file start_4.pdb (PDB, C-alpha atoms and all ligand atoms)
ATOM      1  CA  MET D 202      -9.090  18.981  18.095
ATOM      2  CA  ARG D 203      -9.392  15.231  17.789
ATOM      3  CA  GLN D 204      -8.500  13.272  14.680
ATOM      4  CA  ASP D 205      -8.778   9.552  13.928
ATOM      5  CA  LEU D 206      -5.668   8.160  12.239
ATOM      6  CA  PRO D 207      -6.604   4.643  11.114
ATOM      7  CA  ASP D 208      -3.263   3.991   9.374
ATOM      8  CA  PRO D 209       0.177   5.589   8.868
ATOM      9  CA  ALA D 210      -1.032   7.292   5.682
ATOM     10  CA  ALA D 211      -3.648   9.128   7.756
ATOM     11  CA  THR D 212      -0.904  10.306  10.116
ATOM     12  CA  ASP D 213       1.095  11.555   7.108
ATOM     13  CA  ALA D 214      -1.956  13.388   5.759
ATOM     14  CA  PHE D 215      -2.714  15.047   9.103
ATOM     15  CA  ALA D 216       0.911  16.187   9.402
ATOM     16  CA  ALA D 217       0.782  17.622   5.872
ATOM     17  CA  LEU D 218      -2.424  19.448   6.783
ATOM     18  CA  LEU D 219      -0.728  21.031   9.790
ATOM     19  CA  GLY D 220       2.272  21.869   7.598
ATOM     20  CA  ALA D 221      -0.024  23.687   5.174
ATOM     21  CA  VAL D 222      -1.590  25.987   7.786
ATOM     22  CA  LEU D 223       1.586  26.849   9.689
ATOM     23  CA  PRO D 224       2.979  30.317   8.993
ATOM     24  CA  ALA D 225       6.024  30.632   6.711
ATOM     25  CA  ASP D 226       8.008  31.848   9.701
ATOM     26  CA  THR D 227       7.991  29.218  12.438
ATOM     27  CA  ALA D 228      11.213  30.361  14.098
ATOM     28  CA  GLY D 229      10.760  29.963  17.838
ATOM     29  CA  TRP D 230       7.725  27.683  17.579
ATOM     30  CA  THR D 231       7.626  24.416  19.536
ATOM     31  CA  LEU D 232       5.455  21.359  18.835
ATOM     32  CA  LEU D 233       5.392  18.693  21.539
ATOM     33  CA  LEU D 234       4.866  15.147  20.231
ATOM     34  CA  GLU D 235       3.477  12.967  23.014
ATOM     35  CA  GLY D 236       2.538   9.304  23.055
ATOM     36  CA  GLU D 237       3.890   6.010  24.271
ATOM     37  CA  LEU D 238       6.457   3.840  22.474
ATOM     38  CA  GLY D 239       5.449   3.342  18.863
ATOM     39  CA  ALA D 240       2.499   5.741  18.991
ATOM     40  CA  GLY D 241       3.627   7.415  15.776
ATOM     41  CA  LYS D 242       5.516  10.513  16.936
ATOM     42  CA  SER D 243       8.367  10.035  14.459
ATOM     43  CA  THR D 244       5.942   9.175  11.667
ATOM     44  CA  PHE D 245       4.190  12.509  12.224
ATOM     45  CA  ALA D 246       7.473  14.456  12.489
ATOM     46  CA  ARG D 247       8.833  12.841   9.306
ATOM     47  CA  ALA D 248       5.690  13.704   7.331
ATOM     48  CA  LEU D 249       5.695  17.275   8.646
ATOM     49  CA  ILE D 250       9.374  17.741   7.693
ATOM     50  CA  ARG D 251       8.635  16.319   4.231
ATOM     51  CA  SER D 252       5.689  18.696   3.875
ATOM     52  CA  PHE D 253       8.207  21.532   4.192
ATOM     53  CA  GLY D 254       9.993  20.196   1.111
ATOM     54  CA  HIS D 255      12.547  17.786   2.563
ATOM     55  CA  GLU D 256      13.101  14.859   0.223
ATOM     56  CA  GLY D 257      15.785  12.762   1.892
ATOM     57  CA  ALA D 258      15.736  10.504   4.889
ATOM     58  CA  VAL D 259      14.554  11.703   8.282
ATOM     59  CA  PRO D 260      16.863   9.847  10.673
ATOM     60  CA  SER D 261      15.767   9.274  14.239
ATOM     61  CA  PRO D 262      17.253  11.795  16.681
ATOM     62  CA  THR D 263      17.061   9.231  19.498
ATOM     63  CA  TYR D 264      20.859   9.086  19.876
ATOM     64  CA  THR D 265      21.921  12.416  18.363
ATOM     65  CA  LEU D 266      19.137  14.193  20.352
ATOM     66  CA  VAL D 267      18.758  16.827  17.615
ATOM     67  CA  GLU D 268      18.533  16.506  13.833
ATOM     68  CA  PRO D 269      18.571  19.917  12.126
ATOM     69  CA  TYR D 270      17.027  20.819   8.750
ATOM     70  CA  ASP D 271      17.223  23.980   6.673
ATOM     71  CA  LEU D 272      14.381  23.805   4.188
ATOM     72  CA  SER D 273      14.565  26.869   1.961
ATOM     73  CA  GLY D 274      14.946  29.147   4.939
ATOM     74  CA  ARG D 275      12.703  27.255   7.349
ATOM     75  CA  ILE D 276      14.910  25.839  10.061
ATOM     76  CA  VAL D 277      13.509  22.748  11.767
ATOM     77  CA  TYR D 278      14.986  20.894  14.737
ATOM     78  CA  HIS D 279      13.723  17.364  15.250
ATOM     79  CA  VAL D 280      14.454  16.610  18.897
ATOM     80  CA  ASP D 281      14.070  13.348  20.831
ATOM     81  CA  LEU D 282      14.397  13.584  24.608
ATOM     82  CA  TYR D 283      13.907   9.850  25.255
ATOM     83  CA  TRP D 284      17.345   9.491  26.816
ATOM     84  CA  VAL D 285      17.198  12.754  28.712
ATOM     85  CA  ALA D 286      16.781  11.871  32.369
ATOM     86  CA  GLU D 287      16.789  15.362  33.830
ATOM     87  CA  GLU D 288      15.560  18.679  32.606
ATOM     88  CA  GLU D 289      19.004  20.149  33.372
ATOM     89  CA  GLU D 290      20.427  18.161  30.467
ATOM     90  CA  LEU D 291      18.575  20.435  28.072
ATOM     91  CA  ARG D 292      21.285  22.990  28.772
ATOM     92  CA  TYR D 293      23.997  20.634  27.518
ATOM     93  CA  LEU D 294      21.868  19.903  24.510
ATOM     94  CA  GLY D 295      21.918  23.642  23.783
ATOM     95  CA  TRP D 296      18.158  24.098  23.835
ATOM     96  CA  THR D 297      18.479  27.895  23.749
ATOM     97  CA  ASP D 298      20.539  27.616  20.528
ATOM     98  CA  LEU D 299      17.478  26.163  18.836
ATOM     99  CA  GLU D 300      15.390  29.313  19.074
ATOM    100  CA  ASP D 301      15.947  30.209  15.423
ATOM    101  CA  GLY D 302      14.002  27.152  14.334
ATOM    102  CA  PHE D 303      10.794  25.153  14.653
ATOM    103  CA  ARG D 304      11.339  22.558  17.392
ATOM    104  CA  LEU D 305       9.541  19.222  17.026
ATOM    105  CA  VAL D 306      10.022  17.431  20.331
ATOM    106  CA  GLU D 307       9.462  13.718  20.962
ATOM    107  CA  TRP D 308       9.245  12.608  24.615
ATOM    108  CA  PRO D 309       8.710  16.164  25.931
ATOM    109  CA  ASP D 310       7.602  14.737  29.295
ATOM    110  CA  ARG D 311      11.340  14.318  30.034
ATOM    111  CA  ALA D 312      11.406  18.109  30.418
ATOM    112  CA  PRO D 313       8.045  19.136  31.887
ATOM    113  CA  GLY D 314       9.043  22.804  31.843
ATOM    114  CA  LEU D 315       8.804  22.820  28.046
ATOM    115  CA  ALA D 316       5.006  22.778  28.112
ATOM    116  CA  GLY D 317       5.006  26.319  29.511
ATOM    117  CA  THR D 318       6.726  27.770  26.453
ATOM    118  CA  ALA D 319       5.447  25.429  23.713
ATOM    119  CA  ASP D 320       2.858  26.352  21.074
ATOM    120  CA  LEU D 321       1.290  23.036  20.140
ATOM    121  CA  ARG D 322       0.855  19.614  21.688
ATOM    122  CA  LEU D 323       0.012  16.552  19.638
ATOM    123  CA  SER D 324      -0.939  13.523  21.742
ATOM    124  CA  LEU D 325      -1.095  10.177  19.993
ATOM    125  CA  ASP D 326      -2.921   7.181  21.444
ATOM    126  CA  TYR D 327      -3.369   3.633  20.259
ATOM    127  CA  ALA D 328      -6.882   3.029  18.883
ATOM    128  CA  GLY D 329      -7.435  -0.488  17.558
ATOM    129  CA  SER D 330      -4.902  -1.046  14.788
ATOM    130  CA  GLY D 331      -4.629   2.727  14.239
ATOM    131  CA  ARG D 332      -4.131   5.826  16.349
ATOM    132  CA  ALA D 333      -6.177   8.710  17.703
ATOM    133  CA  ALA D 334      -4.650  12.175  17.767
ATOM    134  CA  ASN D 335      -5.458  15.164  19.907
ATOM    135  CA  LEU D 336      -3.964  18.476  18.776
ATOM    136  CA  GLU D 337      -4.059  21.292  21.283
ATOM    137  CA  GLY D 338      -2.862  24.897  21.166
ATOM    138  CA  LEU D 339      -0.746  25.809  24.195
ATOM    139  CA  SER D 340       0.039  29.415  23.277
ATOM    140  CA  GLU D 341      -2.204  32.099  21.808
ATOM    141  CA  ARG D 342      -0.741  31.638  18.330
ATOM    142  CA  GLY D 343      -0.954  27.871  18.750
ATOM    143  CA  ARG D 344      -4.637  28.022  19.704
ATOM    144  CA  ALA D 345      -5.383  30.290  16.726
ATOM    145  CA  LEU D 346      -3.690  27.797  14.431
ATOM    146  CA  VAL D 347      -5.653  24.836  15.799
ATOM    147  CA  ASP D 348      -8.880  26.815  15.245
ATOM    148  CA  VAL D 349      -7.914  27.355  11.602
ATOM    149  CA  LEU D 350      -7.118  23.671  11.199
ATOM    150  CA  ALA D 351     -10.357  22.544  12.866
ATOM    151  CA  ASN D 352     -12.351  24.811  10.528
ATOM    152  CA  THR D 353     -10.519  23.465   7.488
ATOM    153  CA  GLN D 354     -11.396  19.933   8.578
ATOM    154  CA  SER D 355     -15.077  20.563   9.325
ATOM    155  CA  LYS D 356     -15.640  22.058   5.850
ATOM    156  CA  ASP D 357     -14.565  18.809   4.134
TER     157      ASP D 357
HETATM  158  N1  LIG D 401      -1.939   6.134  12.376
HETATM  159  C1  LIG D 401      -1.258   4.991  12.453
HETATM  160  N2  LIG D 401      -1.900   3.804  12.417
HETATM  161  C2  LIG D 401      -1.202   2.644  12.510
HETATM  162  N3  LIG D 401       0.140   2.552  12.621
HETATM  163  C3  LIG D 401       0.831   3.701  12.663
HETATM  164  C4  LIG D 401       0.176   4.979  12.580
HETATM  165  N4  LIG D 401       1.125   5.948  12.658
HETATM  166  C5  LIG D 401       2.311   5.311  12.765
HETATM  167  N5  LIG D 401       2.144   3.972  12.764
HETATM  168  C6  LIG D 401       3.198   2.915  12.863
HETATM  169  O1  LIG D 401       3.627   2.784  14.197
HETATM  170  C7  LIG D 401       5.000   2.380  14.221
HETATM  171  C8  LIG D 401       5.783   3.253  15.157
HETATM  172  O2  LIG D 401       5.815   4.572  14.620
HETATM  173  P1  LIG D 401       6.855   5.669  15.086
HETATM  174  O3  LIG D 401       8.240   5.181  15.004
HETATM  175  O4  LIG D 401       6.483   6.898  14.341
HETATM  176  O5  LIG D 401       6.454   5.831  16.632
HETATM  177  P2  LIG D 401       7.149   6.708  17.757
HETATM  178  O6  LIG D 401       6.047   7.216  18.610
HETATM  179  O7  LIG D 401       8.060   7.705  17.168
HETATM  180  O8  LIG D 401       7.983   5.612  18.529
HETATM  181  P3  LIG D 401       9.160   5.818  19.623
HETATM  182  O9  LIG D 401       8.444   5.956  20.916
HETATM  183  O10 LIG D 401       9.935   4.548  19.547
HETATM  184  O11 LIG D 401       9.935   7.031  19.240
HETATM  185  C9  LIG D 401       5.484   2.428  12.772
HETATM  186  O12 LIG D 401       5.493   1.112  12.266
HETATM  187  C10 LIG D 401       4.444   3.284  12.081
HETATM  188  O13 LIG D 401       4.294   2.954  10.705
HETATM  189 MG    MG D 402      10.128   8.145  17.601
END
call {"tool": "encode", "arguments": {"input": "start_4.pdb", "output": "structure tokens"}}
result
Amino acid sequence: MRQDLPDPAATDAFAALLGAVLPADTAGWTLLLEGELGAGKSTFARALIRSFGHEGAVPSPTYTLVEPYDLSGRIVYHVDLYWVAEEEELRYLGWTDLEDGFRLVEWPDRAPGLAGTADLRLSLDYAGSGRAANLEGLSERGRALVDVLANTQSKD
């Protein structure tokens, strides 16, 4: 589904909308956040994490690679692969240790293999002074979720 995001508040609102339709148990889910530098990947991730009840800061994982959250039982891993040059490095990062949580991954193109096991892909593009989003389901459960979201939107 496509969504116009004319300003950061629209990105926040779209993230909150996704947060509201996700199941309570997102362990093992993966959302890929694609888009060039400054496209709004972190803005979306921050708003999604806040929609799960997080009230503090959402620091960038650019240098730590992974920032974990435990939000009343929902484990979220905010991952940034910007500095990952080779897919192999995911092993050192302990990717398989993150299976108990919901993985939000910025710069997933650094590890092309991820697309095969991910559930959702959000692509953000520059559009004038705002952004345009395309949300796509990659797995069966991901596609079902995008259908629910698209229906919610078209009834507005
Ligand atoms: N829908 C939007 N319209 C206009 N500006 C936006 C929108 N969403 C985010 N921004 C702004 O774009 C800037 C970059 O956002 P952000 O840091 O989220 O991008 P990013 O894709 O994570 O960047 P990086 O590639 O460096 O990780 C911020 O100033 C943010 O407020
Ligand atoms: Mg970012």
call {"tool": "residues_near_ligand", "arguments": {"input": "start_4.pdb", "ligand": "ligand MG 402 (chain D)", "cutoff": "10 Å", "atoms": "all atoms listed in the file", "output": "ChimeraX atom specification"}}
result
/D:234-247,260-263,280-283,306-308
call {"tool": "atom_distance", "arguments": {"input": "start_4.pdb", "atom1": "atom CA of D:Ala312", "atom2": "atom CA of D:Asp298"}}
result
16.5 Å
call {"tool": "axis_aligned_box", "arguments": {"input": "start_4.pdb", "around": "stretch 202-217 of chain D", "padding_each_side": "4 Å", "output": "lines of an AutoDock Vina configuration file"}}
result
center_x = -4.1
center_y = 11.5
center_z = 11.9
size_x = 18.5
size_y = 23.0
size_z = 20.4
call {"tool": "closest_residue", "arguments": {"input": "start_4.pdb", "among": "D:Arg311, D:His279, D:Arg322, D:His255", "to": "D:Leu299", "atoms": "all atoms listed in the file"}}
result
D:His279
call {"tool": "residues_around", "arguments": {"input": "start_4.pdb", "residues": "D:Ala221", "least_positions_apart": "3", "cutoff": "8 Å", "atoms": "all atoms listed in the file", "output": "PyMOL selection string"}}
result
chain D and resi 217-218+252
call {"tool": "closest_residue", "arguments": {"input": "start_4.pdb", "among": "D:Ile276, D:Leu346, D:Ala319, D:Leu266", "to": "D:Gly295", "atoms": "all atoms listed in the file"}}
result
D:Leu266
call {"tool": "atom_distance", "arguments": {"input": "start_4.pdb", "atom1": "atom CA of D:Leu315", "atom2": "atom CA of D:Asp271"}}
result
23.0 Å
call {"tool": "closest_residue", "arguments": {"input": "start_4.pdb", "among": "D:Val267, D:Arg275, D:Thr212, D:Ser330", "to": "D:Leu291", "atoms": "only C-alpha atoms"}}
result
D:Val267
call {"tool": "atom_distance", "arguments": {"input": "start_4.pdb", "atom1": "atom CA of D:Trp284", "atom2": "atom CA of D:Thr265"}}
result
10.0 Å
call {"tool": "closest_residue", "arguments": {"input": "start_4.pdb", "among": "D:Ala333, D:Leu323, D:Ala345, D:Ala351", "to": "D:Thr231", "atoms": "only C-alpha atoms"}}
result
D:Leu323
call {"tool": "closest_residue", "arguments": {"input": "start_4.pdb", "among": "D:Ser324, D:Ser340, D:Thr318, D:Thr353", "to": "ligand LIG 401 (chain D)", "atoms": "only C-alpha atoms and all ligand atoms"}}
result
D:Ser324
call {"tool": "resolve_selection", "arguments": {"input": "start_4.pdb", "expression": "the PyMOL selection byres (((chain D and resi 272) around 12) and not hetatm)", "output": "ChimeraX atom specification"}}
result
/D:225-227,249-257,269-271,273-278,302-303
call {"tool": "closest_residue", "arguments": {"input": "start_4.pdb", "among": "D:Arg342, D:Glu300, D:Asp348, D:Ala334", "to": "ligand LIG 401 (chain D)", "atoms": "only C-alpha atoms and all ligand atoms"}}
result
D:Ala334
call {"tool": "residues_around", "arguments": {"input": "start_4.pdb", "residues": "D:Gly329", "least_positions_apart": "6", "cutoff": "12 Å", "atoms": "only C-alpha atoms", "output": "list in words"}}
result
Asp205, Leu206, Pro207, Asp208 and Ala240 of chain D
call {"tool": "decode", "arguments": {"input": "start_4.pdb", "residues": "stretch 302-313 of chain D", "atoms": "all heavy atoms", "output": "JSON list (two decimals), in the first residue's frame"}}
result
[["chain", "number", "residue", "atom", "x", "y", "z"],
["D", 302, "GLY", "N", 12.36, -11.33, 19.43],
["D", 302, "GLY", "CA", 11.79, -9.98, 19.38],
["D", 302, "GLY", "C", 11.32, -9.59, 17.99],
["D", 302, "GLY", "O", 11.37, -10.38, 17.04],
["D", 303, "PHE", "N", 10.85, -8.35, 17.90],
["D", 303, "PHE", "CA", 10.39, -7.74, 16.66],
["D", 303, "PHE", "C", 11.57, -6.91, 16.15],
["D", 303, "PHE", "O", 11.99, -5.96, 16.79],
["D", 303, "PHE", "CB", 9.18, -6.85, 16.97],
["D", 303, "PHE", "CG", 8.55, -6.18, 15.78],
["D", 303, "PHE", "CD1", 8.75, -6.62, 14.47],
["D", 303, "PHE", "CD2", 7.70, -5.09, 15.98],
["D", 303, "PHE", "CE1", 8.15, -5.98, 13.39],
["D", 303, "PHE", "CE2", 7.08, -4.46, 14.91],
["D", 303, "PHE", "CZ", 7.31, -4.89, 13.62],
["D", 304, "ARG", "N", 12.11, -7.31, 14.99],
["D", 304, "ARG", "CA", 13.31, -6.64, 14.47],
["D", 304, "ARG", "C", 12.94, -5.55, 13.47],
["D", 304, "ARG", "O", 12.29, -5.84, 12.46],
["D", 304, "ARG", "CB", 14.22, -7.68, 13.82],
["D", 304, "ARG", "CG", 14.80, -8.64, 14.85],
["D", 304, "ARG", "CD", 15.21, -9.95, 14.27],
["D", 304, "ARG", "NE", 14.07, -10.70, 13.76],
["D", 304, "ARG", "CZ", 14.09, -12.00, 13.52],
["D", 304, "ARG", "NH1", 15.18, -12.69, 13.74],
["D", 304, "ARG", "NH2", 13.02, -12.60, 13.05],
["D", 305, "LEU", "N", 13.32, -4.33, 13.78],
["D", 305, "LEU", "CA", 13.11, -3.18, 12.90],
["D", 305, "LEU", "C", 14.47, -2.87, 12.30],
["D", 305, "LEU", "O", 15.38, -2.47, 13.03],
["D", 305, "LEU", "CB", 12.61, -1.96, 13.67],
["D", 305, "LEU", "CG", 11.47, -2.19, 14.67],
["D", 305, "LEU", "CD1", 11.11, -0.87, 15.36],
["D", 305, "LEU", "CD2", 10.26, -2.77, 13.96],
["D", 306, "VAL", "N", 14.64, -3.05, 11.00],
["D", 306, "VAL", "CA", 15.97, -3.02, 10.41],
["D", 306, "VAL", "C", 16.16, -1.89, 9.41],
["D", 306, "VAL", "O", 15.54, -1.88, 8.34],
["D", 306, "VAL", "CB", 16.28, -4.36, 9.70],
["D", 306, "VAL", "CG1", 17.74, -4.40, 9.24],
["D", 306, "VAL", "CG2", 15.97, -5.54, 10.60],
["D", 307, "GLU", "N", 17.00, -0.91, 9.78],
["D", 307, "GLU", "CA", 17.38, 0.14, 8.83],
["D", 307, "GLU", "C", 18.55, -0.35, 7.98],
["D", 307, "GLU", "O", 19.39, -1.10, 8.46],
["D", 307, "GLU", "CB", 17.78, 1.42, 9.58],
["D", 307, "GLU", "CG", 16.62, 1.98, 10.40],
["D", 307, "GLU", "CD", 16.90, 3.37, 10.95],
["D", 307, "GLU", "OE1", 17.49, 4.20, 10.23],
["D", 307, "GLU", "OE2", 16.53, 3.63, 12.11],
["D", 308, "TRP", "N", 18.61, 0.08, 6.74],
["D", 308, "TRP", "CA", 19.64, -0.32, 5.78],
["D", 308, "TRP", "C", 19.69, -1.83, 5.58],
["D", 308, "TRP", "O", 20.78, -2.44, 5.57],
["D", 308, "TRP", "CB", 21.02, 0.24, 6.18],
["D", 308, "TRP", "CG", 21.05, 1.72, 6.14],
["D", 308, "TRP", "CD1", 20.99, 2.56, 7.22],
["D", 308, "TRP", "CD2", 21.11, 2.58, 4.98],
["D", 308, "TRP", "NE1", 21.00, 3.88, 6.80],
["D", 308, "TRP", "CE2", 21.08, 3.90, 5.43],
["D", 308, "TRP", "CE3", 21.18, 2.32, 3.60],
["D", 308, "TRP", "CZ2", 21.12, 4.98, 4.55],
["D", 308, "TRP", "CZ3", 21.22, 3.40, 2.73],
["D", 308, "TRP", "CH2", 21.19, 4.72, 3.22],
["D", 309, "PRO", "N", 18.55, -2.48, 5.36],
["D", 309, "PRO", "CA", 18.54, -3.94, 5.19],
["D", 309, "PRO", "C", 19.22, -4.40, 3.91],
["D", 309, "PRO", "O", 19.57, -5.57, 3.78],
["D", 309, "PRO", "CB", 17.05, -4.30, 5.17],
["D", 309, "PRO", "CG", 16.38, -3.06, 4.67],
["D", 309, "PRO", "CD", 17.19, -1.92, 5.24],
["D", 310, "ASP", "N", 19.44, -3.46, 2.97],
["D", 310, "ASP", "CA", 20.11, -3.84, 1.71],
["D", 310, "ASP", "C", 21.55, -4.29, 1.97],
["D", 310, "ASP", "O", 22.16, -4.93, 1.11],
["D", 310, "ASP", "CB", 20.09, -2.67, 0.73],
["D", 310, "ASP", "CG", 20.75, -1.44, 1.31],
["D", 310, "ASP", "OD1", 20.35, -1.02, 2.42],
["D", 310, "ASP", "OD2", 21.69, -0.91, 0.70],
["D", 311, "ARG", "N", 22.10, -3.99, 3.16],
["D", 311, "ARG", "CA", 23.44, -4.45, 3.51],
["D", 311, "ARG", "C", 23.47, -5.97, 3.65],
["D", 311, "ARG", "O", 24.53, -6.59, 3.62],
["D", 311, "ARG", "CB", 23.91, -3.82, 4.82],
["D", 311, "ARG", "CG", 23.95, -2.31, 4.82],
["D", 311, "ARG", "CD", 25.06, -1.80, 3.90],
["D", 311, "ARG", "NE", 25.34, -0.40, 4.10],
["D", 311, "ARG", "CZ", 24.86, 0.59, 3.34],
["D", 311, "ARG", "NH1", 24.05, 0.33, 2.34],
["D", 311, "ARG", "NH2", 25.17, 1.85, 3.60],
["D", 312, "ALA", "N", 22.30, -6.56, 3.87],
["D", 312, "ALA", "CA", 22.19, -8.01, 4.04],
["D", 312, "ALA", "C", 21.00, -8.49, 3.21],
["D", 312, "ALA", "O", 19.91, -8.73, 3.74],
["D", 312, "ALA", "CB", 22.00, -8.36, 5.52],
["D", 313, "PRO", "N", 21.20, -8.61, 1.90],
["D", 313, "PRO", "CA", 20.08, -8.92, 0.99],
["D", 313, "PRO", "C", 19.32, -10.19, 1.36],
["D", 313, "PRO", "O", 18.14, -10.31, 1.05],
["D", 313, "PRO", "CB", 20.76, -9.06, -0.37],
["D", 313, "PRO", "CG", 22.06, -8.33, -0.25],
["D", 313, "PRO", "CD", 22.47, -8.47, 1.20]]
